[in-house]
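Coordinates as given in my_file_21.tsv (TSV, C-alpha atoms):
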```tsv
chain	number	residue	atom	x	y	z
A	1	GLY	CA	0.00	0.00	0.00
A	2	ALA	CA	0.82	3.74	0.09
A	3	VAL	CA	2.02	4.04	-3.47
A	4	VAL	CA	2.67	7.38	-5.10
A	5	SER	CA	3.18	7.74	-8.82
A	6	GLN	CA	4.53	10.56	-10.93
A	7	HIS	CA	4.03	11.21	-14.59
A	8	PRO	CA	6.01	11.65	-16.68
A	9	SER	CA	9.15	10.03	-15.32
A	10	TRP	CA	11.23	12.21	-17.58
A	11	VAL	CA	10.53	15.05	-19.96
A	12	ILE	CA	12.51	17.22	-22.31
A	13	CYS	CA	11.08	20.55	-23.34
A	14	LYS	CA	12.21	23.65	-25.15
A	15	SER	CA	12.96	26.88	-23.38
A	16	GLY	CA	9.86	29.03	-23.03
A	17	THR	CA	7.36	26.21	-22.99
A	18	SER	CA	5.40	24.91	-20.02
A	19	VAL	CA	5.51	21.44	-18.54
A	20	LYS	CA	3.02	19.73	-16.25
A	21	ILE	CA	4.01	17.01	-13.81
A	22	GLU	CA	1.39	14.85	-12.12
A	23	CYS	CA	1.60	13.28	-8.70
A	24	ARG	CA	-0.97	10.68	-7.71
A	25	SER	CA	-1.58	8.70	-4.57
A	26	LEU	CA	-2.77	5.38	-5.93
A	27	ASP	CA	-4.25	3.61	-2.94
A	28	PHE	CA	-4.90	6.26	-0.36
A	29	GLN	CA	-6.24	9.76	-0.03
A	30	ALA	CA	-3.59	12.35	0.58
A	31	THR	CA	-4.54	15.28	2.74
A	32	THR	CA	-1.31	17.01	1.84
A	33	MET	CA	1.18	16.73	-0.97
A	34	PHE	CA	4.67	18.15	-1.04
A	35	TRP	CA	6.80	19.11	-4.00
A	36	TYR	CA	10.58	18.92	-3.81
A	37	ARG	CA	13.37	19.85	-6.17
A	38	GLN	CA	16.68	18.04	-6.23
A	39	PHE	CA	19.76	19.15	-8.10
A	40	PRO	CA	22.41	16.56	-9.01
A	41	LYS	CA	24.21	15.17	-6.00
A	42	GLN	CA	22.29	17.46	-3.67
A	43	SER	CA	19.58	17.07	-1.10
A	44	LEU	CA	15.87	17.60	-1.53
A	45	MET	CA	14.63	21.15	-1.20
A	46	LEU	CA	10.98	21.66	-0.38
A	47	MET	CA	9.30	23.89	-2.92
A	48	ALA	CA	5.72	23.95	-1.75
A	49	THR	CA	3.03	22.28	0.28
A	50	SER	CA	-0.40	21.72	-1.20
A	51	ASN	CA	-3.64	20.76	0.45
A	52	GLU	CA	-6.64	19.57	-1.48
A	53	GLY	CA	-8.93	22.39	-2.45
A	54	SER	CA	-6.75	25.20	-1.22
A	55	LYS	CA	-3.88	27.29	-2.49
A	56	ALA	CA	-0.40	25.91	-2.19
A	57	THR	CA	2.02	27.31	0.32
A	58	TYR	CA	5.37	28.09	-1.25
A	59	GLU	CA	8.72	28.10	0.47
A	60	GLN	CA	10.72	31.27	0.58
A	61	GLY	CA	12.44	31.95	-2.69
A	62	VAL	CA	10.18	29.77	-4.82
A	63	GLU	CA	8.34	31.71	-7.53
A	64	LYS	CA	4.69	30.79	-7.24
A	65	ASP	CA	3.90	32.23	-10.67
A	66	LYS	CA	6.52	30.05	-12.24
A	67	PHE	CA	5.77	26.84	-10.39
A	68	LEU	CA	2.00	26.47	-10.43
A	69	ILE	CA	0.62	23.85	-8.11
A	70	ASN	CA	-2.93	22.54	-8.27
A	71	HIS	CA	-4.24	20.01	-5.78
A	72	ALA	CA	-7.54	19.23	-7.42
A	73	SER	CA	-8.44	16.11	-5.49
A	74	LEU	CA	-7.31	13.96	-2.59
A	75	THR	CA	-5.34	11.79	-4.99
A	76	LEU	CA	-3.89	14.22	-7.50
A	77	SER	CA	-1.58	17.19	-7.39
A	78	THR	CA	0.06	18.81	-10.38
A	79	LEU	CA	3.13	20.99	-10.75
A	80	THR	CA	3.35	23.14	-13.84
A	81	VAL	CA	6.65	24.74	-14.68
A	82	THR	CA	5.73	27.76	-16.75
A	83	SER	CA	8.00	29.38	-19.31
A	84	ALA	CA	10.71	26.88	-18.51
A	85	HIS	CA	14.36	27.81	-18.80
A	86	PRO	CA	17.49	25.64	-18.71
A	87	GLU	CA	18.05	26.55	-15.05
A	88	ASP	CA	14.74	24.85	-14.24
A	89	SER	CA	16.23	21.54	-15.31
A	90	SER	CA	16.16	19.36	-12.24
A	91	PHE	CA	14.70	16.28	-10.60
A	92	TYR	CA	11.26	16.98	-9.16
A	93	ILE	CA	9.89	14.68	-6.49
A	94	CYS	CA	6.48	14.73	-4.88
A	95	SER	CA	5.35	13.14	-1.66
A	96	ALA	CA	1.95	12.50	-0.20
A	97	TYR	CA	0.90	12.63	3.38
A	98	THR	CA	-2.17	11.27	5.09
A	99	LEU	CA	-3.32	11.72	8.63
A	100	GLN	CA	-3.53	7.95	8.92
A	101	GLY	CA	0.10	7.59	7.89
A	102	ALA	CA	1.59	8.41	11.28
A	103	TYR	CA	3.54	11.39	9.98
A	104	GLU	CA	5.11	9.41	7.18
A	105	GLN	CA	5.41	10.96	3.74
A	106	TYR	CA	5.21	8.60	0.80
A	107	PHE	CA	7.46	9.61	-2.07
A	108	GLY	CA	6.94	9.36	-5.78
A	109	PRO	CA	9.68	8.08	-8.09
A	110	GLY	CA	10.52	11.55	-9.35
A	111	THR	CA	10.43	13.37	-12.69
A	112	ARG	CA	13.55	14.38	-14.53
A	113	LEU	CA	13.01	17.66	-16.36
A	114	THR	CA	15.49	18.83	-18.97
A	115	VAL	CA	14.96	22.20	-20.61
A	116	THR	CA	16.88	22.79	-23.82
B	117	ALA	CA	15.48	26.75	13.60
B	118	GLN	CA	15.62	23.05	13.03
B	119	SER	CA	18.40	21.47	11.06
B	120	VAL	CA	19.87	18.13	10.10
B	121	THR	CA	23.56	17.54	9.55
B	122	GLN	CA	25.12	14.58	7.83
B	123	PRO	CA	28.85	15.11	8.28
B	124	ASP	CA	29.96	12.53	5.76
B	125	ILE	CA	29.35	13.40	2.13
B	126	HIS	CA	30.82	10.19	0.77
B	127	ILE	CA	31.67	6.87	2.41
B	128	THR	CA	33.25	3.80	0.86
B	129	VAL	CA	33.06	0.41	2.52
B	130	SER	CA	33.90	-3.09	1.45
B	131	GLU	CA	31.14	-5.58	0.94
B	132	GLY	CA	30.57	-7.49	4.14
B	133	ALA	CA	31.96	-4.72	6.33
B	134	SER	CA	29.90	-2.87	8.89
B	135	LEU	CA	28.47	0.55	8.21
B	136	GLU	CA	27.57	3.58	10.26
B	137	LEU	CA	26.18	6.76	8.75
B	138	ARG	CA	26.05	9.77	11.00
B	139	CYS	CA	23.16	12.14	11.49
B	140	ASN	CA	22.89	15.02	13.92
B	141	TYR	CA	19.86	17.17	14.41
B	142	SER	CA	18.87	20.41	16.02
B	143	TYR	CA	15.27	20.74	17.19
B	144	GLY	CA	13.60	22.32	20.16
B	145	ALA	CA	11.14	19.55	20.90
B	146	THR	CA	10.97	15.78	20.70
B	147	PRO	CA	12.25	14.93	17.23
B	148	TYR	CA	10.57	12.66	14.76
B	149	LEU	CA	13.42	11.25	12.67
B	150	PHE	CA	13.64	9.29	9.47
B	151	TRP	CA	16.24	7.62	7.31
B	152	TYR	CA	15.58	7.36	3.58
B	153	VAL	CA	17.55	5.70	0.79
B	154	GLN	CA	17.64	6.89	-2.79
B	155	SER	CA	19.02	4.92	-5.69
B	156	PRO	CA	20.19	6.90	-8.75
B	157	GLY	CA	17.30	8.49	-10.60
B	158	GLN	CA	14.77	7.14	-8.15
B	159	GLY	CA	12.51	8.45	-5.44
B	160	LEU	CA	13.03	7.95	-1.73
B	161	GLN	CA	12.40	4.76	0.17
B	162	LEU	CA	11.86	4.82	3.90
B	163	LEU	CA	14.34	2.67	5.81
B	164	LEU	CA	13.14	3.39	9.33
B	165	LYS	CA	11.73	6.04	11.60
B	166	TYR	CA	11.84	7.08	15.23
B	167	PHE	CA	9.01	8.80	17.03
B	168	SER	CA	9.33	7.65	20.61
B	169	GLY	CA	9.93	4.60	22.75
B	170	ASP	CA	12.82	2.24	22.23
B	171	THR	CA	15.80	4.24	21.08
B	172	LEU	CA	17.10	1.40	18.88
B	173	VAL	CA	14.93	1.21	15.81
B	174	GLN	CA	14.90	-1.64	13.33
B	175	GLY	CA	14.22	-1.01	9.69
B	176	ILE	CA	14.10	-2.72	6.38
B	177	LYS	CA	17.03	-4.32	4.54
B	178	GLY	CA	18.82	-5.09	7.80
B	179	PHE	CA	19.31	-1.47	8.83
B	180	GLU	CA	18.94	-0.11	12.32
B	181	ALA	CA	19.37	3.30	13.90
B	182	GLU	CA	19.93	4.48	17.43
B	183	PHE	CA	18.48	7.68	18.80
B	184	LYS	CA	20.70	9.42	21.33
B	185	ARG	CA	19.09	12.49	22.77
B	186	SER	CA	22.20	13.51	24.72
B	187	GLN	CA	24.19	13.63	21.50
B	188	SER	CA	21.37	14.86	19.25
B	189	SER	CA	22.17	11.99	16.95
B	190	PHE	CA	20.34	9.35	14.98
B	191	ASN	CA	23.03	7.23	13.33
B	192	LEU	CA	22.20	4.52	10.84
B	193	ARG	CA	23.96	1.18	11.05
B	194	LYS	CA	24.19	-2.09	9.22
B	195	PRO	CA	26.36	-4.98	10.40
B	196	SER	CA	27.22	-6.31	6.95
B	197	VAL	CA	26.90	-4.23	3.81
B	198	HIS	CA	25.84	-5.69	0.48
B	199	TRP	CA	26.83	-4.28	-2.91
B	200	SER	CA	23.18	-3.43	-3.52
B	201	ASP	CA	23.27	-0.99	-0.59
B	202	ALA	CA	25.25	1.48	-2.69
B	203	ALA	CA	23.01	4.54	-2.84
B	204	GLU	CA	22.40	7.97	-1.34
B	205	TYR	CA	21.15	8.05	2.23
B	206	PHE	CA	19.22	10.93	3.72
B	207	CYS	CA	18.40	11.64	7.32
B	208	ALA	CA	15.30	13.77	7.85
B	209	LEU	CA	13.57	15.55	10.70
B	210	LEU	CA	9.85	16.14	10.84
B	211	ASN	CA	8.49	19.45	12.02
B	212	THR	CA	5.16	18.44	13.47
B	213	GLY	CA	4.24	22.03	14.03
B	214	THR	CA	4.38	23.28	10.45
B	215	ALA	CA	2.25	21.11	8.22
B	216	SER	CA	4.46	18.11	8.80
B	217	LYS	CA	7.35	19.40	6.76
B	218	LEU	CA	10.51	17.38	6.49
B	219	THR	CA	13.96	18.88	6.78
B	220	PHE	CA	16.57	16.79	5.02
B	221	GLY	CA	20.24	16.46	5.63
B	222	THR	CA	22.61	16.89	2.73
B	223	GLY	CA	22.90	13.18	2.23
B	224	THR	CA	25.69	10.60	2.35
B	225	ARG	CA	26.67	8.73	-0.77
B	226	LEU	CA	27.62	5.14	0.00
B	227	GLN	CA	29.94	3.30	-2.30
B	228	VAL	CA	30.47	-0.42	-1.79
B	229	THR	CA	33.59	-2.10	-3.09
B	230	LEU	CA	33.67	-5.79	-3.88
```

Entire entry expressed as structure tokens:
Amino acid sequence: GAVVSQHPSWVICKSGTSVKIECRSLDFQATTMFWYRQFPKQSLMLMATSNEGSKATYEQGVEKDKFLINHASLTLSTLTVTSAHPEDSSFYICSAYTLQGAYEQYFGPGTRLTVT
Amino acid sequence: AQSVTQPDIHITVSEGASLELRCNYSYGATPYLFWYVQSPGQGLQLLLKYFSGDTLVQGIKGFEAEFKRSQSSFNLRKPSVHWSDAAEYFCALLNTGTASKLTFGTGTRLQVTL
């Protein structure tokens, strides 16, 4: 149980275009989903926290107009990177949290974004 | 402010040797601590967690960790390392007061030599 999927697993896009990444909790309802960014050989940096039906809360320094987060249902959150640039190339990981999960976050497999 | 420190960026051990990965934390209340493992290009897998109770925690894949409040540490151990354990290991601290956010350490990359 407690499986989180991400789609796509990798994506290449041209500079200036937008890319949407989906995060789904497959067998549970997630009250909260988190989006992280990870640069090569670095740790995970929390970008934002999203709760179903409400606006996402962004960490300091994260551009909310560039990284649009929509948590439309208890099983789906999306991250849209708008007007992507090469510096947005990174590994994006989501996690899902449920009140029944005893504080454990369940992580997706990640999405590798390359902007050319 | 809370923080997690993993002093060792890179560790190399021989297969069959014992392993200890260090983790120190700074937090004003009772810490909820986690160890995760990440293989290249993959997400994170939970190895074990500590919330309260017995300070020696058993996890998956033969890993264990010991919580030492006096030293603000939560070191990960394995008595005999397998080549498949080569990966990146992250220690994390949960902030129960702010929407259950996790603070990650910088990670330790484990290399296993045959």

- Message: Contacts from chain B to chain A, 12 Å maximum, all atoms listed in the file: show me the residue list as a PyMOL selection string.
- Response: chain B and resi 120-122+125-126+147-167+203-225

- Message: Counting all atoms listed in the file, which residues have an atom no more than 10 Å from (-6.2, 19.1, -8.3) in the file's coordinates? Please list them as number ranges by chain.
- Response: A: 22-24, 50-54, 69-79

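Coordinates place CA of Glu59 (chain A) at a distance of 25.8 Å from CA of Phe28 (chain A).
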
- Query: How far is it from CA of Phe39 (chain A) to CA of Ser83 (chain A), in Å with one decimal?
  - Reply: 19.2 Å

- Message: Given the point (11.4, 22.3, -23.1) in the file's coordinates, find the residues that have an atom at most 8 Å from it, counting all atoms listed in the file, and give them as a PyMOL selection string.
- Response: chain A and resi 11-19+84-85+114-116

Export C-alpha atoms of the chosen residues as a PDB file, in the coordinates of the input?
```pdb
ATOM      1  CA  VAL A  11      10.530  15.050 -19.960  1.00  0.00           C
ATOM      2  CA  ILE A  12      12.510  17.220 -22.310  1.00  0.00           C
ATOM      3  CA  CYS A  13      11.080  20.550 -23.340  1.00  0.00           C
ATOM      4  CA  LYS A  14      12.210  23.650 -25.150  1.00  0.00           C
ATOM      5  CA  SER A  15      12.960  26.880 -23.380  1.00  0.00           C
ATOM      6  CA  GLY A  16       9.860  29.030 -23.030  1.00  0.00           C
ATOM      7  CA  THR A  17       7.360  26.210 -22.990  1.00  0.00           C
ATOM      8  CA  SER A  18       5.400  24.910 -20.020  1.00  0.00           C
ATOM      9  CA  VAL A  19       5.510  21.440 -18.540  1.00  0.00           C
ATOM     10  CA  ALA A  84      10.710  26.880 -18.510  1.00  0.00           C
ATOM     11  CA  HIS A  85      14.360  27.810 -18.800  1.00  0.00           C
ATOM     12  CA  THR A 114      15.490  18.830 -18.970  1.00  0.00           C
ATOM     13  CA  VAL A 115      14.960  22.200 -20.610  1.00  0.00           C
ATOM     14  CA  THR A 116      16.880  22.790 -23.820  1.00  0.00           C
TER      15      THR A 116
END
```

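With only C-alpha atoms as the atoms that count, the minimum distance from Asp201 (chain B) to the choices B:Ser186, B:Ser134, B:Asn140, B:Gln174 is reached by B:Ser134.
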
- Between CA of Val173 (chain B) and CA of Ser196 (chain B), distance in Å (one decimal): 16.9 Å

- Message: Just checking: using only C-alpha atoms, which residue out of A:Leu68, A:Thr31, A:Leu113, A:Val3 ends up closest to Gln100 (chain A)?
- Response: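 Ranked by minimum distance to Gln100 (chain A), first place goes to A:Thr31.
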
- Task: Pick out the closest residue to Leu26 (chain A) from this set: A:Ala2, A:Pro8, A:Ser90, A:Gln38. Count only C-alpha atoms.
- Result: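 Nearest to Leu26 (chain A): A:Ala2.
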
Using all atoms of region 13-25 of chain A listed in the file and a margin of 6 Å per side, can you give the axis-aligned box centre and edge lengths in Å to one decimal, as lines of an AutoDock Vina configuration file?
```
center_x = 5.7
center_y = 18.9
center_z = -14.9
size_x = 26.5
size_y = 32.3
size_z = 32.6
```

- Message: From the options B:Glu131, B:Asp124, B:Glu136, B:Glu182, which residue's atoms come nearest to Trp199 (chain B), counting only C-alpha atoms?
- Response: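 Distance minimum relative to Trp199 (chain B) lands on B:Glu131.
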
Just so I have it separately, write region 94-112 of chain A from the block I sent, keeping N, CA and C atoms, as a PDB file, in the first residue's frame.
```pdb
ATOM      1  N   CYS A  94       7.637  14.389  -5.717  1.00  0.00           N
ATOM      2  CA  CYS A  94       6.480  14.730  -4.877  1.00  0.00           C
ATOM      3  C   CYS A  94       6.353  13.699  -3.759  1.00  0.00           C
ATOM      4  N   SER A  95       5.683  14.074  -2.729  1.00  0.00           N
ATOM      5  CA  SER A  95       5.354  13.139  -1.664  1.00  0.00           C
ATOM      6  C   SER A  95       3.927  13.399  -1.209  1.00  0.00           C
ATOM      7  N   ALA A  96       3.333  12.383  -0.667  1.00  0.00           N
ATOM      8  CA  ALA A  96       1.954  12.495  -0.204  1.00  0.00           C
ATOM      9  C   ALA A  96       1.873  12.114   1.257  1.00  0.00           C
ATOM     10  N   TYR A  97       1.014  12.805   1.929  1.00  0.00           N
ATOM     11  CA  TYR A  97       0.898  12.631   3.378  1.00  0.00           C
ATOM     12  C   TYR A  97      -0.562  12.433   3.726  1.00  0.00           C
ATOM     13  N   THR A  98      -0.809  11.491   4.622  1.00  0.00           N
ATOM     14  CA  THR A  98      -2.165  11.272   5.086  1.00  0.00           C
ATOM     15  C   THR A  98      -2.180  11.243   6.606  1.00  0.00           C
ATOM     16  N   LEU A  99      -3.234  11.698   7.174  1.00  0.00           N
ATOM     17  CA  LEU A  99      -3.318  11.725   8.630  1.00  0.00           C
ATOM     18  C   LEU A  99      -3.228  10.328   9.223  1.00  0.00           C
ATOM     19  N   GLN A 100      -3.596   9.317   8.423  1.00  0.00           N
ATOM     20  CA  GLN A 100      -3.527   7.951   8.919  1.00  0.00           C
ATOM     21  C   GLN A 100      -2.135   7.359   8.759  1.00  0.00           C
ATOM     22  N   GLY A 101      -1.229   8.118   8.194  1.00  0.00           N
ATOM     23  CA  GLY A 101       0.096   7.590   7.893  1.00  0.00           C
ATOM     24  C   GLY A 101       1.117   7.809   8.981  1.00  0.00           C
ATOM     25  N   ALA A 102       0.685   8.240  10.151  1.00  0.00           N
ATOM     26  CA  ALA A 102       1.595   8.406  11.284  1.00  0.00           C
ATOM     27  C   ALA A 102       2.794   9.262  10.912  1.00  0.00           C
ATOM     28  N   TYR A 103       2.529  10.396  10.327  1.00  0.00           N
ATOM     29  CA  TYR A 103       3.540  11.393   9.983  1.00  0.00           C
ATOM     30  C   TYR A 103       4.471  10.958   8.855  1.00  0.00           C
ATOM     31  N   GLU A 104       4.225   9.847   8.244  1.00  0.00           N
ATOM     32  CA  GLU A 104       5.108   9.415   7.176  1.00  0.00           C
ATOM     33  C   GLU A 104       4.684  10.015   5.853  1.00  0.00           C
ATOM     34  N   GLN A 105       5.654  10.501   5.094  1.00  0.00           N
ATOM     35  CA  GLN A 105       5.407  10.963   3.740  1.00  0.00           C
ATOM     36  C   GLN A 105       5.790   9.835   2.786  1.00  0.00           C
ATOM     37  N   TYR A 106       4.965   9.630   1.794  1.00  0.00           N
ATOM     38  CA  TYR A 106       5.212   8.598   0.803  1.00  0.00           C
ATOM     39  C   TYR A 106       5.669   9.290  -0.482  1.00  0.00           C
ATOM     40  N   PHE A 107       6.833   8.894  -0.972  1.00  0.00           N
ATOM     41  CA  PHE A 107       7.464   9.608  -2.068  1.00  0.00           C
ATOM     42  C   PHE A 107       7.185   8.968  -3.418  1.00  0.00           C
ATOM     43  N   GLY A 108       7.023   9.827  -4.412  1.00  0.00           N
ATOM     44  CA  GLY A 108       6.939   9.362  -5.777  1.00  0.00           C
ATOM     45  C   GLY A 108       8.324   9.063  -6.317  1.00  0.00           C
ATOM     46  N   PRO A 109       8.387   8.473  -7.510  1.00  0.00           N
ATOM     47  CA  PRO A 109       9.678   8.083  -8.090  1.00  0.00           C
ATOM     48  C   PRO A 109      10.446   9.232  -8.715  1.00  0.00           C
ATOM     49  N   GLY A 110       9.822  10.402  -8.811  1.00  0.00           N
ATOM     50  CA  GLY A 110      10.520  11.554  -9.352  1.00  0.00           C
ATOM     51  C   GLY A 110      10.314  11.756 -10.841  1.00  0.00           C
ATOM     52  N   THR A 111      10.507  12.989 -11.270  1.00  0.00           N
ATOM     53  CA  THR A 111      10.428  13.365 -12.689  1.00  0.00           C
ATOM     54  C   THR A 111      11.672  14.157 -13.050  1.00  0.00           C
ATOM     55  N   ARG A 112      12.357  13.683 -14.057  1.00  0.00           N
ATOM     56  CA  ARG A 112      13.554  14.378 -14.533  1.00  0.00           C
ATOM     57  C   ARG A 112      13.144  15.342 -15.618  1.00  0.00           C
TER      58      ARG A 112
END
```
